[in-house]
Amino acid sequence: MIRLDNIRLSYGDRTLVHSATGEIRSGELTALVGRNGSGKSTLLRTLASLQPIIEGRILLGERDITTLSPADMARTLAFVTTEKVRISNLSCRDVVALGRAPYTNWIGRLQEQDEQQVMHALAAVGMSDYATKSMDHMSDGECQRIMIARALAQATPIILLDEPTAFLDMPNRYELCSLLRRLAHEEHKCILFSTHELDIALELCDSVALISPPSLHILPTEQMIRSGEIEKLFSSDIISFDATSRSVKIKG
Amino acid sequence: MALSCRGVAEFDKSDFTTVLYTPEYADGFQILGTEQGDASLIVVEKPWQGDKCEPRMLLLDPGNRFTGVSHPHLQRVDGKVERVVCLSSSYIAMLDAIGQADAVVGVSGKEFIYNEKILAQGDKIGDIGYDGHFNLELLLSLKPDLVLLYGLSSPSGLEEQLKSFDIPYLYVGEYLESSPLGKAEWIVALAEIMGCRKQGEEFFAAVAQRYNSVRDSVESYITANNVERPDILLNTPYRDIWYLPAPKSYIVQLIEDAGGHAFTAGEQGDTTTPIGIEQAYSLAHKADIWLNVGGHTTFATLLAENPLFASVAVVQQRQVYNNNGRQRASSGSDFWESGVINPDIILTDLVKIIHPDLLDDKALYYHRKLQ
Amino acid sequence: MRSRTTILFIVLSLVLCGLFIFDVTIGEDGVDITFDDVVASFSDGDVEDYKVTIVIDIRLVKAIMALLAGIALALSGLQMQTLFRNPMAGPYTLGISSGASLGVALFILGAPLGQMLSSELSTLGIAGAAWIGALATLFLVGAISQRIKDIMVVLIIGIMISSAVGAVVQILQFMSQEEALKNFVVWTMGSLGGVTWDKLYIIAPMIIVGLVMAVAVIKPMNMLLLGEGYARTMGLNVARTRLLILLSTTLLAGTVTAFCGPIGFIGMAMPHLSRAIFANADHRTLLPASALMGAIALLVCDILSKMYTLPINALTALLGIPIIIWVIVKKRNIV
């Protein structure tokens, strides 16, 4: 699980979030929502230790993030970025196997246990048939799933995803989030992903982390809907959030 | 070239019926004269290498008889030639030998010049630079009466400029001659320009006489005593490639006349031919003497550059000589400067190297033994 | 797939051995050394001394140099391509070649500016000067790399430094005399011939160390295939990996350039050819494959350069350029 303690998020010299405190729980799928530029990516990158903490404390599991070595981090948290990765001449299996890097020896040799993790990860995302195929001719959705399988193979208690649904079509978005939810529940992982799909987030996620500068609110989904924070964030002259249907509507 | 008000007439060579001088050894020039003896024409058959060039001519017209004529390949000088710019240091040597060193007002690359008189003049003599960056302003300020230049496989880069500034010039083809005496004979052409052809002829005749006498005695020495001609290896490599001279080239003729046998490559008369390092090493193994080893003066530097050759016999026996015996610190070997008009001295040097028993005086002039 | 890879390695290794032997037995036109002579040279048989010198001190040295240089250039090219995730990267991308040529230019051309420097450098010789030049450039780029996160920016800065150094070299060339200029230009043409056994005793260890460093970064390079961001989250110390790769490249490509002048196209083309032939981006396969292909390529070029008396760079270009074009056209996405 992830605990935030008075975290300050900034972009350049602009403070996005002053003092964020809260907990993202294991065994749950949490969505990170907010307007563009509100700091979603910054938060995820800070959690992944790709960016330094400016103020405050982050605990991963029970350990302060600053005490974790890169090797420790690699076994604690896996990240799926927005980057489109498509390597030619590498089979899906080999891409997923890269996720085992924190556990393999100096040359990256896979042992029995590593092989099992790889096949398990592929099965979990439903891509077992693609094991020997290369990523050259796969669709965006399929590539995305391979990257998630890689994160799974990394066997970390925490998985972060930055806009994983961005390039997917409607059905695929649902499928992906259902998958994440299943993984969180069945494998008791702490999964946090940022998204713009409010409807999917509210329907499939256990909790929502909402960045409404200057604050960050983390609440179970139902509570978040009733809290009125979503309305505040997403209302304007043209649109408003409707709690009953859990969707954004155009003002009539 | 002056254009008179009467308009421009095409130059007609037929006025020049007298042959003032036909070279005996050179084949690159000829000096013609008018019947009246009031003007002379120097015809340079081949201004540069290759086949595609027409003869160039210099008309010496002290009496102003031919004002107003023009021809694409003709240059004309009226009056005496007193200020000359030399693009090659060999021309300086030629002028000095006929007592005209003072006429030199400009050179190309002062660092390469050996001649003491020129160097003593210091800044009074202008350095107009090289192909690619000629100092044209300096050239104009020198107010030359004539520029002596050369082309390699195409016209000199300076020609266009000289035409536009109306400065007369002449292509000197001495470097194209492969015969040692042929090269030296060009002194007569330069002497004609300076108005003292007789002096040039005398100088050359003496050189030719000395040269032939040395050559003949070597020839008879070899035939009489059935002496073997020593094998001579020439030059040093550029990286992997060794350039051997062609069978008819200048150096090879000198060596043959001195009683040696030079390793040559290629069938054509003119061009040097590259051979690989393996062949060069095989030849070095057989050589009795190694000559003209680039810029080296010591075995240390020679072998540092070519460590492979430390074990060959010719190096073991220290029979390695270079033609930089007369050279200033900056560079510029006199071999290529005054050596051009003293082939007899070069020949004598070579005889002392190749057949040391033949001559009493062992001192080398242009050459030196490696230390 | 695995057995195909094994077969390929065996076949290519045999080709390599064959080419090596061929390179030692073949000589130039006009040199009369038979195959028996060659064998006798190695077995202390009855053959003239000078022939033995030719076989052992000229041909064998060159063949070994071709082997080492081929391996070194291909491996440094591979590392550059992976580090920068750029198919057009090669051993000279960050300016090793221009740095080395600056060192050599100061040494040979010794223009007024270099007058002070060149007397120090002249004791070390051309190779030393080239090495120092390459090292200095790499040091500069390395320092920048430590400060700048984005590898693309490092690449661009490296290219700019390379160009700036090249401009300085041009100035030196402009100011120099014919003889020195020709010597310098001949150096830039590259040549395997300037190497002797003494020099090999220096070259071989340096290349081996570079090779070992390259092997040590096989796993990091595989991780870098996904990009530096992913590599970091998998626990890779990216800064240290960059440094190792730069050092390895300096040792490999810098040593070859110092002693043989710049030899182009092998470093860029051979990793691509290996990717195409072995159809595997895993560096555990790609590293030995590129090394093998590099050695084969340069042996072929050496053999051809002997048969036709051509400079080595002309041949590496004629060999490398069609390969690069073919690979790009055939496989539109690389790396």
# chains A, B, ... in the order shown; residues from 1 in each chain; ligands from 1
>>> select_by_dssp(residues="segment 251-327 of chain C", states="helix (DSSP H, G or I)", output="short mmCIF file (atom, residue, chain, number, x, y, z; two decimals) with C-alpha atoms, in the first residue's frame")
data_model
loop_
_atom_site.label_atom_id
_atom_site.label_comp_id
_atom_site.auth_asym_id
_atom_site.auth_seq_id
_atom_site.Cartn_x
_atom_site.Cartn_y
_atom_site.Cartn_z
CA LEU C 251 38.31 1.91 -25.38
CA LEU C 252 36.97 0.02 -28.37
CA ALA C 253 36.52 2.64 -31.06
CA GLY C 254 39.11 5.02 -29.65
CA THR C 255 41.87 2.41 -29.72
CA VAL C 256 41.06 1.35 -33.27
CA THR C 257 40.94 4.95 -34.46
CA ALA C 258 44.17 5.84 -32.69
CA PHE C 259 46.15 3.12 -34.43
CA CYS C 260 44.32 2.71 -37.70
CA ILE C 266 31.39 -1.17 -39.99
CA GLY C 267 30.28 0.04 -36.58
CA MET C 268 26.94 1.21 -37.86
CA ALA C 269 26.17 -1.48 -40.40
CA MET C 270 27.17 -4.70 -38.67
CA PRO C 271 24.76 -4.47 -35.70
CA HIS C 272 21.94 -3.93 -38.22
CA LEU C 273 23.04 -6.89 -40.28
CA SER C 274 23.20 -9.01 -37.15
CA ARG C 275 19.70 -7.98 -36.18
CA ALA C 276 18.48 -8.90 -39.63
CA ILE C 277 20.24 -12.25 -39.81
CA PHE C 278 19.62 -13.43 -36.26
CA HIS C 283 21.83 -8.46 -26.63
CA ARG C 284 22.87 -11.88 -25.37
CA THR C 285 22.64 -12.92 -29.01
CA LEU C 286 23.28 -9.56 -30.61
CA LEU C 287 26.59 -8.87 -28.90
CA PRO C 288 28.48 -11.97 -30.04
CA ALA C 289 26.66 -11.80 -33.37
CA SER C 290 27.74 -8.21 -34.05
CA ALA C 291 31.29 -9.00 -32.98
CA LEU C 292 31.36 -11.94 -35.36
CA MET C 293 29.89 -9.97 -38.26
CA GLY C 294 32.25 -7.08 -37.62
CA ALA C 295 35.29 -9.32 -37.70
CA ILE C 296 34.09 -11.06 -40.86
CA ALA C 297 33.36 -7.75 -42.58
CA LEU C 298 36.74 -6.23 -41.85
CA LEU C 299 38.59 -9.39 -42.86
CA VAL C 300 36.73 -9.31 -46.17
CA CYS C 301 37.69 -5.65 -46.62
CA ASP C 302 41.31 -6.38 -45.79
CA ILE C 303 41.43 -9.21 -48.30
CA LEU C 304 39.88 -7.04 -51.00
CA SER C 305 42.18 -4.13 -50.18
CA LYS C 306 45.16 -6.39 -50.73
CA MET C 307 43.85 -7.83 -53.95
CA TYR C 308 42.97 -4.49 -55.48
CA ILE C 312 40.25 0.30 -46.43
CA ASN C 313 37.66 3.06 -45.95
CA ALA C 314 36.55 2.88 -49.55
CA LEU C 315 35.84 -0.81 -49.10
CA THR C 316 34.06 -0.47 -45.76
CA ALA C 317 31.85 2.17 -47.35
CA LEU C 318 31.10 0.01 -50.39
CA LEU C 319 30.28 -2.87 -48.10
CA GLY C 320 28.49 -0.99 -45.35
CA ILE C 321 26.30 1.47 -47.21
CA PRO C 322 24.30 -1.07 -49.26
CA ILE C 323 23.80 -3.12 -46.12
CA ILE C 324 22.42 -0.16 -44.21
CA ILE C 325 20.11 0.76 -47.06
CA TRP C 326 18.94 -2.83 -47.51
CA VAL C 327 18.23 -3.26 -43.82
#
>>> residues_around(residues="Thr132 of chain A", least_positions_apart="3", cutoff="10 Å", atoms="only C-alpha atoms", output="list in words")
Leu90, Ser91, Cys92, Arg93, Asp94, Ser128, Asp129 and Met135 of chain A; Met1 of chain C
>>> atom_distance(atom1="atom CA of Gly227 of chain C", atom2="atom CA of Ser38 of chain A")
25.3 Å
>>> interface_residues(of="chain C", to="chain B", cutoff="7 Å", atoms="only C-alpha atoms", output="ChimeraX atom specification")
/C:28,30-31,50,54,193-194,309
>>> closest_atom_pairs(of="chain C", to="chain A", cutoff="6 Å", atoms="only C-alpha atoms", output="Markdown table")
| residue | atom | partner | partner_atom | distance |
| --- | --- | --- | --- | --- |
| C:Lys219 | CA | A:Ile107 | CA | 5.1 |
| C:Thr233 | CA | A:Ala74 | CA | 5.7 |
| C:Met234 | CA | A:Ala74 | CA | 4.8 |
| C:Gly235 | CA | A:Pro70 | CA | 4.7 |
| C:Ala279 | CA | A:Asn89 | CA | 5.3 |
| C:Asn280 | CA | A:Asn89 | CA | 4.7 |
| C:Ala281 | CA | A:Asn89 | CA | 5.2 |
>>> select_by_dssp(residues="segment 57-251 of chain A", states="strand (DSSP E or B)", output="number ranges by chain")
A: 57-60, 63-64, 77-80, 91, 134, 158-162, 190-194, 207-212, 215-220, 239-242, 247-250
>>> write_last_selection(atoms="C-alpha atoms", output="PDB file, in the first residue's frame")
ATOM      1  CA  ARG A  57       7.032  11.719   2.951  1.00  0.00           C
ATOM      2  CA  ILE A  58       5.981   8.701   0.958  1.00  0.00           C
ATOM      3  CA  LEU A  59       5.723   5.213   2.387  1.00  0.00           C
ATOM      4  CA  LEU A  60       5.595   2.168   0.184  1.00  0.00           C
ATOM      5  CA  ARG A  63       9.051   1.727   4.252  1.00  0.00           C
ATOM      6  CA  ASP A  64       9.969   5.304   3.549  1.00  0.00           C
ATOM      7  CA  LEU A  77       6.797  -0.950  -7.557  1.00  0.00           C
ATOM      8  CA  ALA A  78       6.293  -1.524 -11.289  1.00  0.00           C
ATOM      9  CA  PHE A  79       5.411   1.309 -13.637  1.00  0.00           C
ATOM     10  CA  VAL A  80       3.621   1.284 -16.981  1.00  0.00           C
ATOM     11  CA  SER A  91       9.109 -11.958 -28.850  1.00  0.00           C
ATOM     12  CA  SER A 134       7.046 -10.397 -31.995  1.00  0.00           C
ATOM     13  CA  ILE A 158       2.388  -2.048  -6.246  1.00  0.00           C
ATOM     14  CA  ILE A 159       1.658  -1.286  -9.898  1.00  0.00           C
ATOM     15  CA  LEU A 160       1.317   2.237 -11.287  1.00  0.00           C
ATOM     16  CA  LEU A 161      -0.055   2.990 -14.753  1.00  0.00           C
ATOM     17  CA  ASP A 162       0.002   6.389 -16.467  1.00  0.00           C
ATOM     18  CA  CYS A 190      -2.109  -2.103  -4.957  1.00  0.00           C
ATOM     19  CA  ILE A 191      -2.917  -0.718  -8.409  1.00  0.00           C
ATOM     20  CA  LEU A 192      -3.127   2.986  -9.144  1.00  0.00           C
ATOM     21  CA  PHE A 193      -3.775   4.309 -12.650  1.00  0.00           C
ATOM     22  CA  SER A 194      -4.418   7.764 -14.024  1.00  0.00           C
ATOM     23  CA  SER A 207     -11.267   4.118  -4.758  1.00  0.00           C
ATOM     24  CA  VAL A 208     -10.664   7.416  -6.494  1.00  0.00           C
ATOM     25  CA  ALA A 209      -7.774   9.800  -5.956  1.00  0.00           C
ATOM     26  CA  LEU A 210      -8.827  13.197  -7.252  1.00  0.00           C
ATOM     27  CA  ILE A 211      -6.470  16.108  -7.793  1.00  0.00           C
ATOM     28  CA  SER A 212      -8.329  19.342  -7.430  1.00  0.00           C
ATOM     29  CA  SER A 215      -5.670  19.475  -2.810  1.00  0.00           C
ATOM     30  CA  LEU A 216      -5.620  15.757  -3.387  1.00  0.00           C
ATOM     31  CA  HIS A 217      -8.582  13.727  -2.121  1.00  0.00           C
ATOM     32  CA  ILE A 218      -8.491   9.964  -1.802  1.00  0.00           C
ATOM     33  CA  LEU A 219     -11.816   8.310  -1.044  1.00  0.00           C
ATOM     34  CA  PRO A 220     -13.649   5.063  -1.754  1.00  0.00           C
ATOM     35  CA  ILE A 239     -20.977  20.596 -18.591  1.00  0.00           C
ATOM     36  CA  SER A 240     -21.845  19.260 -15.180  1.00  0.00           C
ATOM     37  CA  PHE A 241     -21.424  16.028 -13.313  1.00  0.00           C
ATOM     38  CA  ASP A 242     -24.528  14.022 -12.583  1.00  0.00           C
ATOM     39  CA  SER A 247     -21.442  10.719 -15.744  1.00  0.00           C
ATOM     40  CA  VAL A 248     -20.689  14.115 -17.154  1.00  0.00           C
ATOM     41  CA  LYS A 249     -23.582  15.716 -18.979  1.00  0.00           C
ATOM     42  CA  ILE A 250     -23.929  18.718 -21.230  1.00  0.00           C
TER      43      ILE A 250
END
>>> residues_around(residues="Asp257 of chain B", least_positions_apart="6", cutoff="8 Å", atoms="only C-alpha atoms", output="list in words")
Arg215, Val218, Glu219 and Leu347 of chain B
>>> closest_residue(among="C:Leu192, C:Ala239, C:Leu106, C:Ala74", to="Ile148 of chain C", atoms="only C-alpha atoms")
C:Ala239
>>> decode(residues="segment 297-334 of chain C", atoms="N, CA and C atoms", output="PDB file, in the first residue's frame")
ATOM      1  N   ALA C 297      33.408  -8.862 -41.626  1.00  0.00           N
ATOM      2  CA  ALA C 297      33.363  -7.750 -42.579  1.00  0.00           C
ATOM      3  C   ALA C 297      34.739  -7.152 -42.793  1.00  0.00           C
ATOM      4  N   LEU C 298      35.458  -6.907 -41.702  1.00  0.00           N
ATOM      5  CA  LEU C 298      36.737  -6.230 -41.849  1.00  0.00           C
ATOM      6  C   LEU C 298      37.786  -7.159 -42.459  1.00  0.00           C
ATOM      7  N   LEU C 299      37.681  -8.456 -42.198  1.00  0.00           N
ATOM      8  CA  LEU C 299      38.592  -9.391 -42.864  1.00  0.00           C
ATOM      9  C   LEU C 299      38.337  -9.380 -44.367  1.00  0.00           C
ATOM     10  N   VAL C 300      37.067  -9.376 -44.747  1.00  0.00           N
ATOM     11  CA  VAL C 300      36.731  -9.306 -46.167  1.00  0.00           C
ATOM     12  C   VAL C 300      37.325  -8.037 -46.775  1.00  0.00           C
ATOM     13  N   CYS C 301      37.162  -6.915 -46.092  1.00  0.00           N
ATOM     14  CA  CYS C 301      37.686  -5.655 -46.618  1.00  0.00           C
ATOM     15  C   CYS C 301      39.205  -5.690 -46.710  1.00  0.00           C
ATOM     16  N   ASP C 302      39.851  -6.309 -45.744  1.00  0.00           N
ATOM     17  CA  ASP C 302      41.310  -6.375 -45.791  1.00  0.00           C
ATOM     18  C   ASP C 302      41.760  -7.223 -46.978  1.00  0.00           C
ATOM     19  N   ILE C 303      41.078  -8.340 -47.177  1.00  0.00           N
ATOM     20  CA  ILE C 303      41.426  -9.210 -48.302  1.00  0.00           C
ATOM     21  C   ILE C 303      41.262  -8.458 -49.616  1.00  0.00           C
ATOM     22  N   LEU C 304      40.117  -7.777 -49.765  1.00  0.00           N
ATOM     23  CA  LEU C 304      39.882  -7.037 -51.002  1.00  0.00           C
ATOM     24  C   LEU C 304      40.894  -5.897 -51.169  1.00  0.00           C
ATOM     25  N   SER C 305      41.250  -5.257 -50.054  1.00  0.00           N
ATOM     26  CA  SER C 305      42.176  -4.132 -50.184  1.00  0.00           C
ATOM     27  C   SER C 305      43.555  -4.615 -50.632  1.00  0.00           C
ATOM     28  N   LYS C 306      43.875  -5.853 -50.273  1.00  0.00           N
ATOM     29  CA  LYS C 306      45.158  -6.395 -50.729  1.00  0.00           C
ATOM     30  C   LYS C 306      45.092  -6.790 -52.188  1.00  0.00           C
ATOM     31  N   MET C 307      43.947  -7.347 -52.570  1.00  0.00           N
ATOM     32  CA  MET C 307      43.850  -7.834 -53.946  1.00  0.00           C
ATOM     33  C   MET C 307      43.786  -6.687 -54.938  1.00  0.00           C
ATOM     34  N   TYR C 308      43.169  -5.574 -54.531  1.00  0.00           N
ATOM     35  CA  TYR C 308      42.971  -4.487 -55.484  1.00  0.00           C
ATOM     36  C   TYR C 308      43.692  -3.205 -55.114  1.00  0.00           C
ATOM     37  N   THR C 309      44.580  -3.269 -54.114  1.00  0.00           N
ATOM     38  CA  THR C 309      45.315  -2.075 -53.670  1.00  0.00           C
ATOM     39  C   THR C 309      44.398  -0.867 -53.507  1.00  0.00           C
ATOM     40  N   LEU C 310      43.409  -1.017 -52.629  1.00  0.00           N
ATOM     41  CA  LEU C 310      42.481   0.083 -52.364  1.00  0.00           C
ATOM     42  C   LEU C 310      42.543   0.444 -50.885  1.00  0.00           C
ATOM     43  N   PRO C 311      42.233   1.697 -50.556  1.00  0.00           N
ATOM     44  CA  PRO C 311      42.230   2.048 -49.141  1.00  0.00           C
ATOM     45  C   PRO C 311      41.047   1.411 -48.425  1.00  0.00           C
ATOM     46  N   ILE C 312      41.234   1.101 -47.162  1.00  0.00           N
ATOM     47  CA  ILE C 312      40.247   0.303 -46.432  1.00  0.00           C
ATOM     48  C   ILE C 312      38.911   1.005 -46.309  1.00  0.00           C
ATOM     49  N   ASN C 313      38.920   2.346 -46.143  1.00  0.00           N
ATOM     50  CA  ASN C 313      37.665   3.062 -45.946  1.00  0.00           C
ATOM     51  C   ASN C 313      36.755   3.014 -47.163  1.00  0.00           C
ATOM     52  N   ALA C 314      37.377   2.981 -48.351  1.00  0.00           N
ATOM     53  CA  ALA C 314      36.552   2.878 -49.549  1.00  0.00           C
ATOM     54  C   ALA C 314      35.787   1.563 -49.532  1.00  0.00           C
ATOM     55  N   LEU C 315      36.480   0.503 -49.105  1.00  0.00           N
ATOM     56  CA  LEU C 315      35.839  -0.806 -49.097  1.00  0.00           C
ATOM     57  C   LEU C 315      34.790  -0.922 -48.005  1.00  0.00           C
ATOM     58  N   THR C 316      35.058  -0.373 -46.823  1.00  0.00           N
ATOM     59  CA  THR C 316      34.055  -0.466 -45.764  1.00  0.00           C
ATOM     60  C   THR C 316      32.809   0.314 -46.170  1.00  0.00           C
ATOM     61  N   ALA C 317      33.013   1.407 -46.884  1.00  0.00           N
ATOM     62  CA  ALA C 317      31.851   2.166 -47.353  1.00  0.00           C
ATOM     63  C   ALA C 317      31.070   1.357 -48.383  1.00  0.00           C
ATOM     64  N   LEU C 318      31.781   0.791 -49.352  1.00  0.00           N
ATOM     65  CA  LEU C 318      31.104   0.013 -50.392  1.00  0.00           C
ATOM     66  C   LEU C 318      30.373  -1.182 -49.815  1.00  0.00           C
ATOM     67  N   LEU C 319      30.923  -1.725 -48.735  1.00  0.00           N
ATOM     68  CA  LEU C 319      30.282  -2.867 -48.097  1.00  0.00           C
ATOM     69  C   LEU C 319      29.155  -2.417 -47.180  1.00  0.00           C
ATOM     70  N   GLY C 320      29.420  -1.382 -46.405  1.00  0.00           N
ATOM     71  CA  GLY C 320      28.487  -0.985 -45.348  1.00  0.00           C
ATOM     72  C   GLY C 320      27.245  -0.258 -45.835  1.00  0.00           C
ATOM     73  N   ILE C 321      27.434   0.638 -46.791  1.00  0.00           N
ATOM     74  CA  ILE C 321      26.299   1.467 -47.210  1.00  0.00           C
ATOM     75  C   ILE C 321      25.155   0.645 -47.806  1.00  0.00           C
ATOM     76  N   PRO C 322      25.429  -0.271 -48.740  1.00  0.00           N
ATOM     77  CA  PRO C 322      24.303  -1.072 -49.264  1.00  0.00           C
ATOM     78  C   PRO C 322      23.621  -1.869 -48.160  1.00  0.00           C
ATOM     79  N   ILE C 323      24.392  -2.352 -47.210  1.00  0.00           N
ATOM     80  CA  ILE C 323      23.798  -3.116 -46.121  1.00  0.00           C
ATOM     81  C   ILE C 323      22.839  -2.254 -45.318  1.00  0.00           C
ATOM     82  N   ILE C 324      23.279  -1.041 -44.996  1.00  0.00           N
ATOM     83  CA  ILE C 324      22.420  -0.157 -44.211  1.00  0.00           C
ATOM     84  C   ILE C 324      21.135   0.140 -44.976  1.00  0.00           C
ATOM     85  N   ILE C 325      21.293   0.439 -46.259  1.00  0.00           N
ATOM     86  CA  ILE C 325      20.107   0.759 -47.057  1.00  0.00           C
ATOM     87  C   ILE C 325      19.176  -0.442 -47.142  1.00  0.00           C
ATOM     88  N   TRP C 326      19.751  -1.620 -47.391  1.00  0.00           N
ATOM     89  CA  TRP C 326      18.943  -2.835 -47.513  1.00  0.00           C
ATOM     90  C   TRP C 326      18.179  -3.104 -46.222  1.00  0.00           C
ATOM     91  N   VAL C 327      18.879  -2.974 -45.091  1.00  0.00           N
ATOM     92  CA  VAL C 327      18.229  -3.260 -43.815  1.00  0.00           C
ATOM     93  C   VAL C 327      17.110  -2.257 -43.542  1.00  0.00           C
ATOM     94  N   ILE C 328      17.362  -1.000 -43.824  1.00  0.00           N
ATOM     95  CA  ILE C 328      16.342   0.019 -43.567  1.00  0.00           C
ATOM     96  C   ILE C 328      15.116  -0.212 -44.441  1.00  0.00           C
ATOM     97  N   VAL C 329      15.361  -0.515 -45.708  1.00  0.00           N
ATOM     98  CA  VAL C 329      14.227  -0.693 -46.608  1.00  0.00           C
ATOM     99  C   VAL C 329      13.443  -1.944 -46.249  1.00  0.00           C
ATOM    100  N   LYS C 330      14.164  -2.998 -45.863  1.00  0.00           N
ATOM    101  CA  LYS C 330      13.493  -4.256 -45.600  1.00  0.00           C
ATOM    102  C   LYS C 330      12.687  -4.220 -44.316  1.00  0.00           C
ATOM    103  N   LYS C 331      13.251  -3.550 -43.333  1.00  0.00           N
ATOM    104  CA  LYS C 331      12.620  -3.669 -42.033  1.00  0.00           C
ATOM    105  C   LYS C 331      12.224  -2.344 -41.469  1.00  0.00           C
ATOM    106  N   ARG C 332      11.333  -1.701 -41.982  1.00  0.00           N
ATOM    107  CA  ARG C 332      11.136  -0.313 -41.625  1.00  0.00           C
ATOM    108  C   ARG C 332      11.209   0.126 -40.169  1.00  0.00           C
ATOM    109  N   ASN C 333      11.050  -0.744 -39.219  1.00  0.00           N
ATOM    110  CA  ASN C 333      11.324  -0.268 -37.856  1.00  0.00           C
ATOM    111  C   ASN C 333      12.523  -1.001 -37.247  1.00  0.00           C
ATOM    112  N   ILE C 334      13.487  -0.205 -36.847  1.00  0.00           N
ATOM    113  CA  ILE C 334      14.721  -0.779 -36.324  1.00  0.00           C
ATOM    114  C   ILE C 334      14.946  -0.307 -34.900  1.00  0.00           C
TER     115      ILE C 334
END
